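This report refers to the structure that appears directly beneath it.
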Amino acid sequence: MNNKIYDAVIIGGGIVGTATALSLQQKGIKSVLVIEAEKNLAEHQTGHNSGVIHSGAYYKPGSLKAKLCSEGRELLYSFCKQHDILHERCGKIIVATEKNEIPVLNEIEKRGIANGLKNIKRLNKEEIKEYEPYASGEEGLLIHETGIVDYIGVTNKFRDLIIENEGEVLTSCKFLNVVNPSNRLVVETTKGDFNCKLLINCAGLQSDRIAKKCGLNPNVKIIPFRGEYYKIKKEKEYLVKNLIYPVPDPKFPFLGVHFTRMIKGGIEAGPNAVLAFKRNGYTYKDISLKDISEMLLFPGFWKMAKQHYAMGINEFRRSFSKSLFVKALQKLVPSIEDDDIVPGGSGVRAQALDKNGKLVDDFRIIETEKQVHVLNAPSPAATASLSIGKYIADITIKKFVR
Ligand SMILES: Cc1cc2nc3c(=O)[nH]c(=O)nc-3n(C[C@H](O)[C@H](O)[C@H](O)COP(=O)(O)OP(=O)(O)OC[C@H]3O[C@@H](n4cnc5c(N)ncnc54)[C@H](O)[C@@H]3O)c2cc1C
């Protein structure tokens, strides 16, 4: 063990962990160490997401998600501009394909306005086609603030700045345990032990387990939901100009399969939301008995299953049937066909579930005297990463002045 005492060790080299480390440094807490289990940063959620800078329209006004997404969105645009990271504020449309979806569309518009969006435009059938000639719907919303970005590029830039500010980032370094001998913490990892004053857990899909190892009862279980994508074939990319989203099911914290133009080229369709049988289970063949048994033994799991089983079965059917997937896409773009898409990648969302069977909607960040744990940071946490970082830095700074 080296004798250095870091101000903070941050577990997790995704976008939230690195943004947090950088935000701490910006508040004067310079001596930070980020530890990441994988060989590279952003290997999990951050590197497998849709690459969208969300506007913040969906989230309940007053929630952490609403506040941190709106703030984080603009911080992220400025950051990308300043550091020459690929991004574009291209806007998106949300389309109500059936009349019965219009009340939810109205609610999204209201929330968007309450969350500070300036230029939401209501679209009628004809206007939808002005923005997306191949999309079809009863009514729509155009949201100018939405954009696309290279989140791996952002995370790597965060790392470069952390190191420039004399912080450290260690990859292939897995957190194992923490002990608290006296006035410091000793963090045990696969690359040795590190002393620090504060420990911050930004471990995404493993965050509940790490909280437990740190002596906390997280009161939630991370449930992995895989999102599978298709890609539109090059010759059919003209079907989508930017981003086309459906009206989401308000009972579920996911946005529904949509079309996304990617910042490095290509158009993705998806993701769905299938229960994964392994944390980090990127295909249906990935199964972990440990992960499954932990899920089944958690009381909230069965309550959630009872509430959402119909939706769950539909998502599974769509996962195995390309034609059902295409059917969902055809609601938005009727002329898209089976042959126009090929399988793309996938990502796994870390979604916290509470004991009552409720999928935790808001970000959840808890603290103890010497620790901060991010226990729920699903979408739009990549968009909000800089403001989540600032939020954690504000909590942390209070611990230093105590
Ligand atoms: C399919 C999909 C689409 C999405 N689309 C969007 C989008 O368009 N826009 C948006 O804003 N958000 C989106 N999100 C959400 C967004 O990607 C996540 O909210 C965000 O990436 C979370 O970042 P993170 O750093 O918390 O997690 P992660 O990126 O998962 O990072 C956690 C890190 O912790 C590491 N770790 C775990 N255990 C240990 C350990 N023991 N020791 C050391 N390190 C450890 C992991 O290896 C990992 O690198 C999407 C997510 C998914 C899955």
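Chain labels A, B, ... are given in the sequence in which chains occur in the structure tokens; within each chain residues are numbered consecutively from 1, and ligands are likewise numbered from 1 in the order shown.
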Env. residues ligand 1 / 6 Å / only C-alpha atoms and all ligand atoms / as an mmCIF file with C-alpha atoms, in the first residue's frame:
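Saved to part.cif:
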```cif
data_model
loop_
_atom_site.group_PDB
_atom_site.id
_atom_site.type_symbol
_atom_site.label_atom_id
_atom_site.label_comp_id
_atom_site.auth_asym_id
_atom_site.auth_seq_id
_atom_site.Cartn_x
_atom_site.Cartn_y
_atom_site.Cartn_z
ATOM 1 C CA ILE A 11 -15.452 3.547 -7.737
ATOM 2 C CA GLY A 12 -16.523 3.324 -11.393
ATOM 3 C CA GLY A 13 -15.036 4.762 -14.549
ATOM 4 C CA GLY A 14 -18.275 5.424 -16.365
ATOM 5 C CA ILE A 15 -19.474 8.904 -17.194
ATOM 6 C CA VAL A 16 -20.903 9.509 -13.686
ATOM 7 C CA GLY A 17 -17.732 8.475 -11.817
ATOM 8 C CA ILE A 35 -10.839 3.019 -10.015
ATOM 9 C CA GLU A 36 -12.410 1.083 -12.870
ATOM 10 C CA ALA A 37 -12.704 -2.709 -12.991
ATOM 11 C CA GLU A 38 -12.557 -2.978 -16.787
ATOM 12 C CA LEU A 41 -13.463 3.471 -19.217
ATOM 13 C CA ALA A 42 -17.116 3.547 -20.318
ATOM 14 C CA GLU A 43 -17.305 -0.190 -21.019
ATOM 15 C CA HIS A 44 -20.819 -0.610 -19.635
ATOM 16 C CA GLN A 45 -23.851 1.689 -19.673
ATOM 17 C CA THR A 46 -21.915 4.751 -20.825
ATOM 18 C CA HIS A 48 -23.649 1.191 -24.809
ATOM 19 C CA ASN A 49 -26.265 3.898 -24.741
ATOM 20 C CA SER A 50 -28.205 5.736 -27.440
ATOM 21 C CA GLY A 51 -25.934 8.767 -27.449
ATOM 22 C CA VAL A 52 -28.776 11.211 -26.894
ATOM 23 C CA ILE A 53 -28.524 14.469 -24.961
ATOM 24 C CA HIS A 54 -31.974 14.486 -23.415
ATOM 25 C CA CYS A 173 -8.658 -2.125 -10.806
ATOM 26 C CA LYS A 174 -11.633 -3.728 -9.106
ATOM 27 C CA PHE A 175 -12.979 -2.553 -5.769
ATOM 28 C CA CYS A 202 -20.552 5.232 -8.970
ATOM 29 C CA ALA A 203 -20.474 1.568 -9.951
ATOM 30 C CA GLY A 204 -23.665 1.438 -12.036
ATOM 31 C CA LEU A 205 -24.850 -2.161 -12.345
ATOM 32 C CA GLN A 206 -22.893 -3.157 -9.203
ATOM 33 C CA GLY A 227 -31.903 -2.790 -24.445
ATOM 34 C CA PRO A 271 -33.761 -0.120 -27.531
ATOM 35 C CA GLY A 347 -26.807 -2.101 -23.562
ATOM 36 C CA VAL A 348 -27.869 -3.024 -20.027
ATOM 37 C CA ARG A 349 -29.596 -0.472 -17.817
ATOM 38 C CA ALA A 377 -28.546 6.665 -12.198
ATOM 39 C CA PRO A 378 -30.407 5.407 -15.261
ATOM 40 C CA SER A 379 -31.197 7.564 -18.287
ATOM 41 C CA PRO A 380 -30.757 10.575 -18.476
ATOM 42 C CA ALA A 381 -27.722 10.231 -16.202
ATOM 43 C CA ALA A 382 -25.281 10.485 -19.116
ATOM 44 C CA THR A 383 -26.878 13.797 -20.136
#
```
Strand (DSSP E) per DSSP on the backbone: members of range 198-393 of chain A, as a ChimeraX atom specification: /A:198-201,220-232,243-246,258-261,267-270,274-275,341-354,364-367,371-376
Residues within 8 Å of Gly147 in chain A, only C-alpha atoms, excluding chain neighbours under 6 positions, as a PyMOL selection string: chain A and resi 52-55+87-92
Residues within 12 Å of Phe259 in chain A, only C-alpha atoms, excluding chain neighbours under 6 positions, as an MDAnalysis selection string: chainID A and resid 50:52 92:95 132 134:135 229:232 237 239:246 266:272 326 328:333 336 341
Residues near Lys290 in chain A, cut-off 12 Å, only C-alpha atoms, skip fewer than 3 positions along chain, as a count of residues only: 9
Separation of CA of Ala305 in chain A from CA of Asn201 in chain A in Å: 28.2 Å
All helix (DSSP H, G or I) residues (DSSP, backbone) inside range 190-234 of chain A, as a list in words: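 These are the residues in question: Gly204, Leu205, Gln206, Ser207, Asp208, Arg209, Ile210, Ala211, Lys212, Lys213 and Lys234 of chain A.
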A:Ile200, A:Ile162, A:Cys214, A:Ile120 ranked by distance to Val179 in chain A, top pick (using only C-alpha atoms):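 Distance minimum relative to Val179 in chain A lands on A:Cys214.
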Please tabulate, as JSON lines, the residues of range 239-326 of chain A that come within 12 Å of range 81-86 of chain A, each with its closest pair of atoms and the distance in Å to one decimal, counting only C-alpha atoms and ordering rows by chain, then residue number upward.
```
{"residue": "A:Met262", "atom": "CA", "partner": "A:Leu86", "partner_atom": "CA", "distance": 10.4}
{"residue": "A:Ile263", "atom": "CA", "partner": "A:Leu86", "partner_atom": "CA", "distance": 6.8}
{"residue": "A:Lys264", "atom": "CA", "partner": "A:Leu86", "partner_atom": "CA", "distance": 8.0}
{"residue": "A:Gly265", "atom": "CA", "partner": "A:Leu86", "partner_atom": "CA", "distance": 11.1}
```
Restricting the output to C-alpha atoms, write the selected residues as a compact mmCIF listing (two decimals), in the first residue's frame.
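Output file out_15.txt is given in full below:
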```txt
# COMPACT_ATOMS: atom_id res chain seq x y z
CA MET A 262 -25.88 8.56 -34.18
CA ILE A 263 -23.22 11.25 -34.01
CA LYS A 264 -20.64 9.07 -35.78
CA GLY A 265 -23.06 8.09 -38.52
```
Within 8 Å of range 62-70 of chain A using only C-alpha atoms, minus same-chain residues under 3 positions, as a short mmCIF file (atom, residue, chain, number, x, y, z; two decimals) with all heavy atoms, in the first residue's frame:
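Generated file (part.cif):
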```cif
data_model
loop_
_atom_site.label_atom_id
_atom_site.label_comp_id
_atom_site.auth_asym_id
_atom_site.auth_seq_id
_atom_site.Cartn_x
_atom_site.Cartn_y
_atom_site.Cartn_z
N HIS A 54 -30.53 14.33 -23.63
CA HIS A 54 -31.97 14.49 -23.41
C HIS A 54 -32.31 15.91 -22.99
O HIS A 54 -31.52 16.58 -22.31
CB HIS A 54 -32.46 13.49 -22.36
CG HIS A 54 -32.54 12.09 -22.89
ND1 HIS A 54 -33.42 11.74 -23.90
CD2 HIS A 54 -31.86 10.96 -22.57
CE1 HIS A 54 -33.26 10.45 -24.18
NE2 HIS A 54 -32.32 9.96 -23.39
N SER A 55 -33.52 16.31 -23.37
CA SER A 55 -33.95 17.69 -23.09
C SER A 55 -34.40 17.86 -21.64
O SER A 55 -34.28 18.94 -21.07
CB SER A 55 -35.11 18.05 -24.00
OG SER A 55 -36.24 17.27 -23.67
N GLY A 56 -34.97 16.80 -21.06
CA GLY A 56 -35.53 16.89 -19.71
C GLY A 56 -37.05 17.01 -19.72
O GLY A 56 -37.67 17.22 -18.67
N ALA A 57 -37.68 16.84 -20.89
CA ALA A 57 -39.13 17.05 -20.99
C ALA A 57 -39.95 16.03 -20.21
O ALA A 57 -41.04 16.33 -19.73
CB ALA A 57 -39.56 17.03 -22.46
N TYR A 58 -39.43 14.82 -20.09
CA TYR A 58 -40.26 13.74 -19.54
C TYR A 58 -40.42 13.78 -18.01
O TYR A 58 -41.33 13.20 -17.47
CB TYR A 58 -39.62 12.39 -19.84
CG TYR A 58 -39.49 12.05 -21.30
CD1 TYR A 58 -38.27 12.15 -21.96
CD2 TYR A 58 -40.59 11.61 -22.02
CE1 TYR A 58 -38.14 11.81 -23.29
CE2 TYR A 58 -40.47 11.27 -23.37
CZ TYR A 58 -39.24 11.38 -23.99
OH TYR A 58 -39.13 11.05 -25.31
N TYR A 59 -39.49 14.42 -17.32
CA TYR A 59 -39.35 14.15 -15.89
C TYR A 59 -40.23 15.04 -15.04
O TYR A 59 -40.48 16.20 -15.36
CB TYR A 59 -37.87 14.23 -15.50
CG TYR A 59 -37.01 13.52 -16.52
CD1 TYR A 59 -36.08 14.20 -17.30
CD2 TYR A 59 -37.22 12.16 -16.78
CE1 TYR A 59 -35.35 13.55 -18.29
CE2 TYR A 59 -36.50 11.51 -17.76
CZ TYR A 59 -35.57 12.21 -18.52
OH TYR A 59 -34.88 11.57 -19.51
N ARG A 73 -27.65 19.12 -19.23
CA ARG A 73 -27.73 19.21 -20.69
C ARG A 73 -26.92 20.42 -21.19
O ARG A 73 -26.07 20.29 -22.07
CB ARG A 73 -29.21 19.38 -21.07
CG ARG A 73 -29.47 19.55 -22.53
CD ARG A 73 -30.91 19.99 -22.76
NE ARG A 73 -31.11 21.37 -22.42
CZ ARG A 73 -32.13 21.86 -21.70
NH1 ARG A 73 -33.05 21.07 -21.19
NH2 ARG A 73 -32.22 23.15 -21.46
N GLU A 74 -27.17 21.58 -20.59
CA GLU A 74 -26.48 22.78 -21.07
C GLU A 74 -24.99 22.75 -20.69
O GLU A 74 -24.15 23.20 -21.47
CB GLU A 74 -27.17 24.04 -20.55
CG GLU A 74 -28.57 24.25 -21.13
CD GLU A 74 -28.62 24.16 -22.68
OE1 GLU A 74 -27.75 24.74 -23.33
OE2 GLU A 74 -29.54 23.50 -23.21
N ASN A 115 -40.19 22.38 -16.90
CA ASN A 115 -38.75 22.11 -16.71
C ASN A 115 -37.87 23.08 -17.50
O ASN A 115 -36.67 22.86 -17.65
CB ASN A 115 -38.43 20.66 -17.10
CG ASN A 115 -39.05 19.67 -16.12
OD1 ASN A 115 -39.36 20.03 -14.99
ND2 ASN A 115 -39.27 18.44 -16.55
N GLY A 116 -38.48 24.13 -18.04
CA GLY A 116 -37.68 25.24 -18.60
C GLY A 116 -37.41 25.15 -20.09
O GLY A 116 -36.60 25.93 -20.60
N ASP A 362 -36.67 8.27 -9.80
CA ASP A 362 -35.73 9.40 -9.72
C ASP A 362 -34.30 8.88 -9.50
O ASP A 362 -34.09 7.74 -9.10
CB ASP A 362 -36.14 10.33 -8.58
CG ASP A 362 -35.75 11.78 -8.85
OD1 ASP A 362 -35.08 12.03 -9.88
OD2 ASP A 362 -36.11 12.65 -8.04
N PHE A 363 -33.32 9.77 -9.74
CA PHE A 363 -31.96 9.43 -9.33
C PHE A 363 -31.96 9.23 -7.82
O PHE A 363 -32.70 9.91 -7.09
CB PHE A 363 -30.99 10.59 -9.65
CG PHE A 363 -30.84 10.89 -11.11
CD1 PHE A 363 -30.60 12.19 -11.55
CD2 PHE A 363 -30.90 9.89 -12.07
CE1 PHE A 363 -30.43 12.48 -12.90
CE2 PHE A 363 -30.74 10.16 -13.42
CZ PHE A 363 -30.51 11.46 -13.83
N PRO A 380 -31.74 9.89 -17.65
CA PRO A 380 -30.76 10.58 -18.48
C PRO A 380 -29.45 10.90 -17.73
O PRO A 380 -28.95 12.02 -17.84
CB PRO A 380 -31.50 11.86 -18.81
CG PRO A 380 -32.21 12.19 -17.50
CD PRO A 380 -32.58 10.87 -16.89
N ALA A 381 -28.90 9.91 -17.02
CA ALA A 381 -27.72 10.23 -16.20
C ALA A 381 -26.49 10.57 -17.04
O ALA A 381 -25.60 11.27 -16.56
CB ALA A 381 -27.41 9.09 -15.24
N THR A 383 -26.62 12.37 -19.87
CA THR A 383 -26.88 13.80 -20.14
C THR A 383 -26.56 14.63 -18.90
O THR A 383 -25.96 15.70 -18.99
CB THR A 383 -28.38 14.00 -20.47
OG1 THR A 383 -28.72 13.16 -21.57
CG2 THR A 383 -28.70 15.45 -20.78
N ALA A 384 -27.00 14.13 -17.74
CA ALA A 384 -26.92 14.89 -16.49
C ALA A 384 -25.60 14.72 -15.77
O ALA A 384 -25.43 15.23 -14.66
CB ALA A 384 -28.07 14.45 -15.57
N SER A 387 -23.93 17.62 -13.99
CA SER A 387 -24.67 18.19 -12.86
C SER A 387 -24.78 17.17 -11.71
O SER A 387 -24.82 17.56 -10.54
CB SER A 387 -26.04 18.71 -13.28
OG SER A 387 -26.74 17.72 -13.96
N ILE A 388 -24.79 15.87 -12.04
CA ILE A 388 -24.74 14.86 -10.95
C ILE A 388 -23.39 15.01 -10.24
O ILE A 388 -23.31 15.00 -9.01
CB ILE A 388 -24.91 13.42 -11.50
CG1 ILE A 388 -26.31 13.22 -12.10
CG2 ILE A 388 -24.66 12.38 -10.41
CD1 ILE A 388 -26.52 11.86 -12.77
#
```
